[in-house]
Every structure is written in structure tokens, then in C-alpha cells.
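Reading through the C-alpha cells given below for one structure.
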Amino acid sequence: MLIVPEREIAGLMTRQAAFDAVESVFAAMAAGDAYNFPVVREAIGHEDALYGFKGGFDRTGLTLGLKAGGYWPNNLEKRGLINHQSTVFLFDPDTGKPSAMVGGNLLTALRTAAASSVSIKHLARADAKVIGMIGAGHQAAFQLRAALEQRSFEKVIGWNYHPEMLPNIEKVAVEAGVPFKAVELDGMTEADVIISITSAFEPSLMARHVSPGTHVACMGTDTKGKQEVESALLAGARVFTDEVAQSVTIGEAQHAVAEGLISQSDVAQLGAVINGTYEGRSADDQITLFDGTGVGLQDLAVAAAVVDLAVEKGIAIKVDF
Ligand code: NAD
């Protein structure tokens, strides 16, 4: 069995490798070659922790396994550790023997950023120039860094519920050589692409804040009850997702579906667009919306990619198991 420790991931994994892994696995999911197992998430009654498993099998990439982990709210204060902790375990699909154990913390941010980037590649207008960010926390920086590689963006605009956090994303824009401007939500109408990545339970981005032709990637809503954008925005958009079952239950579409504004059949898999079996954007004035809920297969795909890189560079630790 191979071990790739968390400390090695930053030096091994590239944004491009994460993008390629996530794009391929979305395509495999839509083709019926890969599927996610039901998610387990439990409050364990210790340290207020939420712990769970996200697993799946990709027959094309021959990737079988799970991500185990969750959220330990006291880690940072009590122990100086980050609160989100996860580890990916991969298994040999021919034998069931464990093949790798991989640090999953940084990989989670990279695979989530890759998902919105894949949506921008396939759904945003080719001439998109202004990218808007709703959110400025840990994930937002990864999201923006990856998204800037998908189009020739000339400007980043940002809004955050906690405005004092905006320098987190301004730094990313400046490092990429793209000017940044903080805006009110009304100013988001200037954006050609908008990424929302917050932990909100009430919508901030309303339909009136989004211009025709915009691509919106909603990346923060991954739990029942969370909501980042007004349901009416989905009703007026072409809606795509990583996995339809998750989108309508724990994703952004849960609200529009519950309110009867759209139905499950209005939500399409992004992978089908990648495969060319479903039409993506078909007009420059359409609003497209990607509901990125986060699936276990994304974690397995990036973990498998990083194992290959670790083997190539002689960094993977081999243990007899
Ligand atoms: P974080 O704590 O670093 O940042 C939270 C962000 O949400 C900040 O911008 C904060 O200002 C904003 N926020 C907090 N309360 C708000 C409110 N009431 N209204 C509007 N905005 C508010 O968290 P993070 O690590 O950046 O994660 C952000 C979200 O992304 C979380 O909800 C997390 O569960 C989700 N997430 C999704 C995926 C996925 O695959 N879709 C993967 C990882 C994380």
C-alpha cells in the first residue's frame, strides 16, 4: 500500500491535474461508468464533530474508495489544527485490497475549485471578461485562482457578507495580475461569470443582481438548509450540476425544487455537456448555473492522480500491509 501524506500534496498536485481528473470523472458519471455511494454524515457526540464517508467507484478510471473525515470545530482553538480534516482511501477494484492512503485536506479545496472551473470551461461565454466572487473565505481563494485560468478575465469584482475578508481574494487577483474591485451586490450585474462560495443559510445573490448571459457557479451549498442565491435565479437559468440527486436534496436546487419553481428534470449533469450528449449554453444571453454539491468521486479522482504523481517523483511511502 502507498501513503501520500498531507504535507506532500502541495508540492505534487497541480491545478491542471485536478481539473483534468474532475472533468474526466464528471464525464464518466454522466456516461454511467462511475457512481457515488450514499453519503454517511454523523454527529458523533464527541468534540461536537461531524464525521462521515463519501465513496464511489469509477469503472473507467478503475478508482474505488472513499473519503473519510469531517469537521472538528474545536481543532484550531484547542490544538492549532485546521477544523476540516479528511483522508482518502483507495482500494484495488480487482482484489479489494487497500492500495493507497492520501491526505485529503488540500485536495478537497483543489477538487472543489476544479469543479467550478470545469463548469466555466463548458458553460461560460467565450468572451467573458469580468468575474464576480461572492465569498472570501478559505475556499474562495482556491476558486478564484483556478477560475482565472479558464477565460481571459480582465477584472475581478467581489462582495462578501464579512467585507473585512475581501483582501483574501483581492490578493489572489493581484497575484494573477488582474485588477480587483469590491462592489455592492447591485454591482454584480457587471460580471460575466459569478462564483458563490459561502456557508450562508439565506440567499445573498438575487436574480436582479445577475445579467443575461452570465454563468453562475454556486459552490457553497452542500447541506440541507444552506442557500446562497435566490430560487428565482434558478427558475430563469439553465441549471447544471455534478449529481442531480444531490443537487435537489442538499444543493442549491433544493429550494427552487421545494418551492415548485423548477423540477428535478430541469437539472442536467455537467458531465453530459462534457460528453456532448446534452446541449450546454445555446445562446449568449442565457444564464447558465452550475450547482456544485461536491461528490466522493471527485475526491477519489484527485487522490488517484496525486498517487501517480507521488510514484513518479519517488515520494510515495510504500508499506507492507
Ligand atoms: P470559510 O469559513 O473559510 O468561509 C465562509 C464564507 O462564507 C466567508 O466568505 C463568509 O463571509 C461567508 N459567510 C458566512 N456567513 C454568511 C452569511 N450568513 N451570509 C453570507 N455569507 C456568509 O468556509 P470555506 O471553507 O470557504 O467554505 C465555504 C462553503 O463551501 C462552506 O459552506 C462549505 O461547506 C462549502 N464547501 C463546498 C464544497 C463543494 O464541493 N461544493 C467543498 C468544500 C466546501
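Chains: A, B, ... in order of the C-alpha cells. Residues: from 1 per chain. Ligands: from 1, in order shown.
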
Per DSSP on the backbone, filter region 161-308 of chain A down to the residues in strand (DSSP E) and report them as an mmCIF file with N, CA and C atoms, in the first residue's frame.
```cif
data_model
loop_
_atom_site.group_PDB
_atom_site.id
_atom_site.type_symbol
_atom_site.label_atom_id
_atom_site.label_comp_id
_atom_site.auth_asym_id
_atom_site.auth_seq_id
_atom_site.Cartn_x
_atom_site.Cartn_y
_atom_site.Cartn_z
ATOM 1 N N PHE A 180 -8.716 44.243 -9.033
ATOM 2 C CA PHE A 180 -9.813 43.822 -8.160
ATOM 3 C C PHE A 180 -10.594 45.037 -7.692
ATOM 4 N N LYS A 181 -11.935 44.879 -7.639
ATOM 5 C CA LYS A 181 -12.757 45.959 -7.083
ATOM 6 C C LYS A 181 -13.836 45.350 -6.176
ATOM 7 N N ALA A 182 -13.947 45.901 -4.962
ATOM 8 C CA ALA A 182 -15.040 45.491 -4.070
ATOM 9 C C ALA A 182 -16.310 46.189 -4.532
ATOM 10 N N VAL A 193 -19.143 36.022 -15.262
ATOM 11 C CA VAL A 193 -19.098 34.762 -14.513
ATOM 12 C C VAL A 193 -19.166 35.137 -13.035
ATOM 13 N N ILE A 194 -19.969 34.413 -12.262
ATOM 14 C CA ILE A 194 -20.033 34.646 -10.808
ATOM 15 C C ILE A 194 -19.826 33.307 -10.106
ATOM 16 N N ILE A 195 -18.943 33.308 -9.109
ATOM 17 C CA ILE A 195 -18.805 32.121 -8.248
ATOM 18 C C ILE A 195 -19.289 32.509 -6.859
ATOM 19 N N SER A 196 -20.206 31.702 -6.294
ATOM 20 C CA SER A 196 -20.580 31.927 -4.899
ATOM 21 C C SER A 196 -20.066 30.759 -4.080
ATOM 22 N N HIS A 215 -22.643 33.233 -16.431
ATOM 23 C CA HIS A 215 -22.559 31.883 -15.881
ATOM 24 C C HIS A 215 -22.339 32.004 -14.376
ATOM 25 N N VAL A 216 -23.182 31.318 -13.591
ATOM 26 C CA VAL A 216 -23.075 31.368 -12.129
ATOM 27 C C VAL A 216 -22.697 29.976 -11.628
ATOM 28 N N ALA A 217 -21.635 29.891 -10.834
ATOM 29 C CA ALA A 217 -21.271 28.617 -10.204
ATOM 30 C C ALA A 217 -21.553 28.744 -8.710
ATOM 31 N N CYS A 218 -22.538 27.978 -8.244
ATOM 32 C CA CYS A 218 -22.919 28.005 -6.820
ATOM 33 C C CYS A 218 -22.190 26.854 -6.145
ATOM 34 N N ARG A 238 -30.546 28.041 -17.147
ATOM 35 C CA ARG A 238 -30.344 26.622 -17.473
ATOM 36 C C ARG A 238 -29.486 26.066 -16.338
ATOM 37 N N VAL A 239 -29.967 25.027 -15.674
ATOM 38 C CA VAL A 239 -29.321 24.560 -14.445
ATOM 39 C C VAL A 239 -28.577 23.240 -14.692
ATOM 40 N N PHE A 240 -27.331 23.214 -14.255
ATOM 41 C CA PHE A 240 -26.469 22.036 -14.405
ATOM 42 C C PHE A 240 -25.900 21.689 -13.031
ATOM 43 N N THR A 241 -25.443 20.447 -12.883
ATOM 44 C CA THR A 241 -24.894 20.050 -11.585
ATOM 45 C C THR A 241 -23.883 18.930 -11.767
ATOM 46 N N VAL A 267 -32.798 19.880 -14.115
ATOM 47 C CA VAL A 267 -31.393 19.939 -13.686
ATOM 48 C C VAL A 267 -30.601 18.886 -14.475
ATOM 49 N N ALA A 268 -29.581 19.328 -15.203
ATOM 50 C CA ALA A 268 -28.827 18.412 -16.070
ATOM 51 C C ALA A 268 -27.425 18.189 -15.519
ATOM 52 N N GLN A 269 -26.837 17.059 -15.898
ATOM 53 C CA GLN A 269 -25.471 16.777 -15.447
ATOM 54 C C GLN A 269 -24.461 17.522 -16.318
ATOM 55 N N THR A 288 -26.547 30.561 -17.352
ATOM 56 C CA THR A 288 -26.289 29.163 -17.005
ATOM 57 C C THR A 288 -25.889 29.128 -15.537
ATOM 58 N N LEU A 289 -26.286 28.065 -14.854
ATOM 59 C CA LEU A 289 -25.984 27.968 -13.412
ATOM 60 C C LEU A 289 -25.501 26.564 -13.106
ATOM 61 N N PHE A 290 -24.334 26.473 -12.476
ATOM 62 C CA PHE A 290 -23.792 25.176 -12.060
ATOM 63 C C PHE A 290 -23.944 25.042 -10.552
ATOM 64 N N ASP A 291 -24.634 24.000 -10.136
ATOM 65 C CA ASP A 291 -24.852 23.713 -8.719
ATOM 66 C C ASP A 291 -23.819 22.658 -8.304
#
```

Q) What's the 12 Å shell around Leu2 (chain A), counting only C-alpha atoms, without same-chain residues fewer than 6 positions away, as a ChimeraX atom specification? A) /A:88-92,97-103,303-304,306-308,310-311,314-321

Q: Mind giving me the straight-line distance from CA of Thr63 (chain A) to CA of Gly292 (chain A) in Å, one decimal?
A: 21.1 Å

(Q) Need the shell around Pro38 (chain A): protein/DNA/RNA residues with any atom at most 10 Å away, counting only C-alpha atoms. Skip same-chain ones fewer than 4 positions apart. Format as number ranges by chain? (A) A: 53-56, 246, 296

(Q) Can you work out which residues are within 6 Å of ligand 1, considering only C-alpha atoms and all ligand atoms, and then hand them over as a list in words? (A) Thr112, Gly135, Ala136, Gly137, His138, Gln139, Ala140, Asn160, Tyr161, His162, Ile197, Thr198, Ser199, Ala200, Met219, Gly220, Thr221, Asp222, Gly292, Thr293 and Gly294 of chain A

Residues of the last selection are to be written out with N, CA and C atoms, as a PDB file, in the first residue's frame.
```
ATOM      1  N   THR A 112     -12.698  21.047  -5.421  1.00  0.00           N
ATOM      2  CA  THR A 112     -13.884  21.908  -5.436  1.00  0.00           C
ATOM      3  C   THR A 112     -13.666  23.069  -6.409  1.00  0.00           C
ATOM      4  N   GLY A 135     -18.171  35.701  -1.581  1.00  0.00           N
ATOM      5  CA  GLY A 135     -17.457  34.857  -0.613  1.00  0.00           C
ATOM      6  C   GLY A 135     -15.977  35.171  -0.656  1.00  0.00           C
ATOM      7  N   ALA A 136     -15.348  35.088   0.514  1.00  0.00           N
ATOM      8  CA  ALA A 136     -13.926  35.434   0.584  1.00  0.00           C
ATOM      9  C   ALA A 136     -13.228  34.604   1.660  1.00  0.00           C
ATOM     10  N   GLY A 137     -13.741  33.393   1.900  1.00  0.00           N
ATOM     11  CA  GLY A 137     -13.147  32.526   2.916  1.00  0.00           C
ATOM     12  C   GLY A 137     -12.087  31.611   2.320  1.00  0.00           C
ATOM     13  N   HIS A 138     -11.834  30.507   3.000  1.00  0.00           N
ATOM     14  CA  HIS A 138     -10.761  29.581   2.624  1.00  0.00           C
ATOM     15  C   HIS A 138     -10.922  29.081   1.187  1.00  0.00           C
ATOM     16  N   GLN A 139     -12.127  28.600   0.858  1.00  0.00           N
ATOM     17  CA  GLN A 139     -12.343  28.021  -0.480  1.00  0.00           C
ATOM     18  C   GLN A 139     -12.322  29.079  -1.575  1.00  0.00           C
ATOM     19  N   ALA A 140     -12.769  30.284  -1.251  1.00  0.00           N
ATOM     20  CA  ALA A 140     -12.919  31.327  -2.275  1.00  0.00           C
ATOM     21  C   ALA A 140     -11.597  31.613  -2.987  1.00  0.00           C
ATOM     22  N   ASN A 160     -18.576  40.312  -0.124  1.00  0.00           N
ATOM     23  CA  ASN A 160     -18.635  39.304   0.937  1.00  0.00           C
ATOM     24  C   ASN A 160     -19.443  39.828   2.109  1.00  0.00           C
ATOM     25  N   TYR A 161     -20.187  38.923   2.729  1.00  0.00           N
ATOM     26  CA  TYR A 161     -21.012  39.229   3.900  1.00  0.00           C
ATOM     27  C   TYR A 161     -20.145  39.857   5.001  1.00  0.00           C
ATOM     28  N   HIS A 162     -18.919  39.368   5.113  1.00  0.00           N
ATOM     29  CA  HIS A 162     -17.949  39.961   6.046  1.00  0.00           C
ATOM     30  C   HIS A 162     -16.910  40.700   5.187  1.00  0.00           C
ATOM     31  N   ILE A 197     -19.347  31.068  -2.998  1.00  0.00           N
ATOM     32  CA  ILE A 197     -18.759  30.024  -2.148  1.00  0.00           C
ATOM     33  C   ILE A 197     -18.769  30.525  -0.708  1.00  0.00           C
ATOM     34  N   THR A 198     -19.952  30.397  -0.112  1.00  0.00           N
ATOM     35  CA  THR A 198     -20.136  30.851   1.271  1.00  0.00           C
ATOM     36  C   THR A 198     -20.828  29.744   2.065  1.00  0.00           C
ATOM     37  N   SER A 199     -20.906  29.956   3.375  1.00  0.00           N
ATOM     38  CA  SER A 199     -21.614  28.982   4.220  1.00  0.00           C
ATOM     39  C   SER A 199     -22.987  29.515   4.615  1.00  0.00           C
ATOM     40  N   ALA A 200     -23.582  30.339   3.755  1.00  0.00           N
ATOM     41  CA  ALA A 200     -24.830  31.033   4.093  1.00  0.00           C
ATOM     42  C   ALA A 200     -26.049  30.107   4.120  1.00  0.00           C
ATOM     43  N   MET A 219     -21.201  27.150  -5.326  1.00  0.00           N
ATOM     44  CA  MET A 219     -20.324  26.099  -4.798  1.00  0.00           C
ATOM     45  C   MET A 219     -20.431  25.898  -3.292  1.00  0.00           C
ATOM     46  N   GLY A 220     -21.120  26.782  -2.595  1.00  0.00           N
ATOM     47  CA  GLY A 220     -21.120  26.702  -1.127  1.00  0.00           C
ATOM     48  C   GLY A 220     -22.171  25.780  -0.552  1.00  0.00           C
ATOM     49  N   THR A 221     -23.282  25.603  -1.247  1.00  0.00           N
ATOM     50  CA  THR A 221     -24.407  24.857  -0.677  1.00  0.00           C
ATOM     51  C   THR A 221     -24.220  23.354  -0.863  1.00  0.00           C
ATOM     52  N   ASP A 222     -23.916  22.678   0.246  1.00  0.00           N
ATOM     53  CA  ASP A 222     -23.662  21.239   0.197  1.00  0.00           C
ATOM     54  C   ASP A 222     -24.386  20.509   1.320  1.00  0.00           C
ATOM     55  N   GLY A 292     -22.702  23.106  -7.773  1.00  0.00           N
ATOM     56  CA  GLY A 292     -21.611  22.183  -7.415  1.00  0.00           C
ATOM     57  C   GLY A 292     -21.765  21.700  -5.982  1.00  0.00           C
ATOM     58  N   THR A 293     -22.219  20.463  -5.821  1.00  0.00           N
ATOM     59  CA  THR A 293     -22.541  19.975  -4.477  1.00  0.00           C
ATOM     60  C   THR A 293     -21.372  19.209  -3.848  1.00  0.00           C
ATOM     61  N   GLY A 294     -20.443  18.745  -4.689  1.00  0.00           N
ATOM     62  CA  GLY A 294     -19.290  18.002  -4.182  1.00  0.00           C
ATOM     63  C   GLY A 294     -19.581  16.521  -4.029  1.00  0.00           C
TER      64      GLY A 294
END
```

Q: Per DSSP on the backbone, filter region 74-240 of chain A down to the residues in helix (DSSP H, G or I) and report them as a ChimeraX atom specification.
A: /A:75-79,105-123,138-147,163-165,167-175,185-190,207-209,231-235

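Reported to one decimal place, the separation of CA of Leu234 (chain A) from CA of Glu190 (chain A) is 18.9 Å.
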
(Q) Report, in Å to a single decimal, how far apart CA of Val174 (chain A) and CA of Ser211 (chain A) are. (A)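 Here the two named atoms are 25.2 Å from each other.
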
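Distance annotation: of A:Gly177, A:Pro73, A:Gly96, A:Gly132, the residue with the minimal separation from Trp159 (chain A) is A:Gly132; atom set is only C-alpha atoms.
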
Exercise: region 153-156 of chain A partners within 6 Å, only C-alpha atoms, chain neighbours under 4 positions left out, as a PDB file with N, CA, C and O atoms, in the first residue's frame:
```
ATOM      1  N   LYS A 129     -15.266  38.498 -19.531  1.00  0.00           N
ATOM      2  CA  LYS A 129     -14.144  39.382 -19.145  1.00  0.00           C
ATOM      3  C   LYS A 129     -14.126  39.710 -17.654  1.00  0.00           C
ATOM      4  O   LYS A 129     -13.073  39.980 -17.084  1.00  0.00           O
ATOM      5  N   VAL A 130     -15.317  39.732 -17.026  1.00  0.00           N
ATOM      6  CA  VAL A 130     -15.387  40.141 -15.621  1.00  0.00           C
ATOM      7  C   VAL A 130     -15.875  38.964 -14.779  1.00  0.00           C
ATOM      8  O   VAL A 130     -16.901  38.354 -15.094  1.00  0.00           O
ATOM      9  N   ILE A 131     -15.101  38.636 -13.742  1.00  0.00           N
ATOM     10  CA  ILE A 131     -15.525  37.546 -12.845  1.00  0.00           C
ATOM     11  C   ILE A 131     -15.885  38.138 -11.485  1.00  0.00           C
ATOM     12  O   ILE A 131     -15.150  38.967 -10.947  1.00  0.00           O
ATOM     13  N   GLY A 132     -17.043  37.721 -10.966  1.00  0.00           N
ATOM     14  CA  GLY A 132     -17.511  38.213  -9.677  1.00  0.00           C
ATOM     15  C   GLY A 132     -17.426  37.110  -8.636  1.00  0.00           C
ATOM     16  O   GLY A 132     -17.776  35.962  -8.908  1.00  0.00           O
ATOM     17  N   VAL A 178      -4.605  40.661 -12.257  1.00  0.00           N
ATOM     18  CA  VAL A 178      -5.934  41.122 -12.679  1.00  0.00           C
ATOM     19  C   VAL A 178      -6.447  42.109 -11.626  1.00  0.00           C
ATOM     20  O   VAL A 178      -6.402  41.812 -10.431  1.00  0.00           O
ATOM     21  N   PRO A 179      -6.918  43.306 -12.054  1.00  0.00           N
ATOM     22  CA  PRO A 179      -7.386  44.284 -11.057  1.00  0.00           C
ATOM     23  C   PRO A 179      -8.619  43.803 -10.307  1.00  0.00           C
ATOM     24  O   PRO A 179      -9.455  43.091 -10.864  1.00  0.00           O
ATOM     25  N   PHE A 180      -8.716  44.243  -9.033  1.00  0.00           N
ATOM     26  CA  PHE A 180      -9.813  43.822  -8.160  1.00  0.00           C
ATOM     27  C   PHE A 180     -10.594  45.037  -7.692  1.00  0.00           C
ATOM     28  O   PHE A 180     -10.019  46.077  -7.376  1.00  0.00           O
TER      29      PHE A 180
END
```

Q: With a distance cut-off of 12 Å and only C-alpha atoms, select the neighbouring residues of Gly236 (chain A), excluding the residue or stretch itself and same-chain residues fewer than 5 positions from it, and output the selection as number ranges by chain.
A: A: 206-208, 210-214, 216, 230-231, 256, 261-262, 266, 285-289

Q | Among the residues A:Ser24, A:Glu77, A:Ala31, A:Lys226, the one that comes closest to Gly61 (chain A) [using only C-alpha atoms] | A |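 Ranking A:Ser24, A:Glu77, A:Ala31, A:Lys226 by distance to Gly61 (chain A), first place goes to A:Ser24.
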
Q: Would you mind listing what lies within 7 Å of region 79-85 of chain A as an MDAnalysis selection string, with only C-alpha atoms counted and same-chain residues fewer than 4 positions away left out?
A: chainID A and resid 69:75 105

Using all heavy atoms, can you export the residues from the last selection as a tab-separated table (two decimals), in the first residue's frame?
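Just written: out_34.tsv:
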```
chain	number	residue	atom	x	y	z
A	69	GLY	N	-13.89	11.68	6.81
A	69	GLY	CA	-13.47	12.90	7.50
A	69	GLY	C	-14.65	13.76	7.84
A	69	GLY	O	-15.80	13.31	7.78
A	70	GLY	N	-14.40	14.99	8.17
A	70	GLY	CA	-15.49	15.88	8.55
A	70	GLY	C	-14.99	17.16	9.17
A	70	GLY	O	-13.93	17.68	8.79
A	71	TYR	N	-15.73	17.61	10.18
A	71	TYR	CA	-15.50	18.94	10.74
A	71	TYR	C	-15.37	18.85	12.24
A	71	TYR	O	-16.28	18.38	12.92
A	71	TYR	CB	-16.68	19.83	10.34
A	71	TYR	CG	-16.48	21.29	10.68
A	71	TYR	CD1	-15.54	22.05	10.00
A	71	TYR	CD2	-17.24	21.89	11.68
A	71	TYR	CE1	-15.35	23.39	10.31
A	71	TYR	CE2	-17.06	23.24	11.99
A	71	TYR	CZ	-16.12	23.97	11.29
A	71	TYR	OH	-15.93	25.30	11.60
A	72	TRP	N	-14.22	19.26	12.77
A	72	TRP	CA	-13.97	19.29	14.21
A	72	TRP	C	-13.84	20.75	14.64
A	72	TRP	O	-12.78	21.36	14.49
A	72	TRP	CB	-12.67	18.53	14.54
A	72	TRP	CG	-12.87	17.07	14.71
A	72	TRP	CD1	-12.96	16.39	15.88
A	72	TRP	CD2	-13.04	16.08	13.67
A	72	TRP	NE1	-13.18	15.06	15.65
A	72	TRP	CE2	-13.24	14.85	14.31
A	72	TRP	CE3	-13.07	16.13	12.27
A	72	TRP	CZ2	-13.44	13.66	13.59
A	72	TRP	CZ3	-13.27	14.98	11.56
A	72	TRP	CH2	-13.46	13.77	12.22
A	73	PRO	N	-14.94	21.36	15.14
A	73	PRO	CA	-14.96	22.81	15.35
A	73	PRO	C	-13.94	23.33	16.37
A	73	PRO	O	-13.61	24.51	16.36
A	73	PRO	CB	-16.40	23.09	15.82
A	73	PRO	CG	-16.94	21.78	16.27
A	73	PRO	CD	-16.21	20.73	15.52
A	74	ASN	N	-13.45	22.45	17.26
A	74	ASN	CA	-12.53	22.93	18.31
A	74	ASN	C	-11.06	22.77	17.96
A	74	ASN	O	-10.18	23.12	18.76
A	74	ASN	CB	-12.80	22.16	19.62
A	74	ASN	CG	-14.26	22.21	19.99
A	74	ASN	OD1	-14.90	23.24	19.84
A	74	ASN	ND2	-14.81	21.09	20.45
A	75	ASN	N	-10.78	22.20	16.78
A	75	ASN	CA	-9.39	21.88	16.44
A	75	ASN	C	-8.45	23.07	16.50
A	75	ASN	O	-7.38	23.01	17.09
A	75	ASN	CB	-9.32	21.29	15.02
A	75	ASN	CG	-9.42	19.79	15.03
A	75	ASN	OD1	-9.61	19.18	16.07
A	75	ASN	ND2	-9.28	19.18	13.86
A	105	ASN	N	-7.02	17.02	2.81
A	105	ASN	CA	-7.44	18.39	3.15
A	105	ASN	C	-7.24	19.37	1.99
A	105	ASN	O	-8.19	20.00	1.53
A	105	ASN	CB	-6.68	18.89	4.38
A	105	ASN	CG	-7.02	18.07	5.61
A	105	ASN	OD1	-7.98	17.30	5.61
A	105	ASN	ND2	-6.22	18.20	6.66
```

(Q) Show me, as a PyMOL selection string, the residues that have an atom within 8 Å of Leu185 (chain A) when counting only C-alpha atoms, minus same-chain residues fewer than 4 positions from it. (A) chain A and resi 159+204-205+209

Q) Which is closer to Asn275 (chain A) than all the others in A:Ala146, A:Ala30, A:Val302, A:Ile134, using only C-alpha atoms? A)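 The shortest atom-to-atom distance to Asn275 (chain A) comes from A:Ala30.
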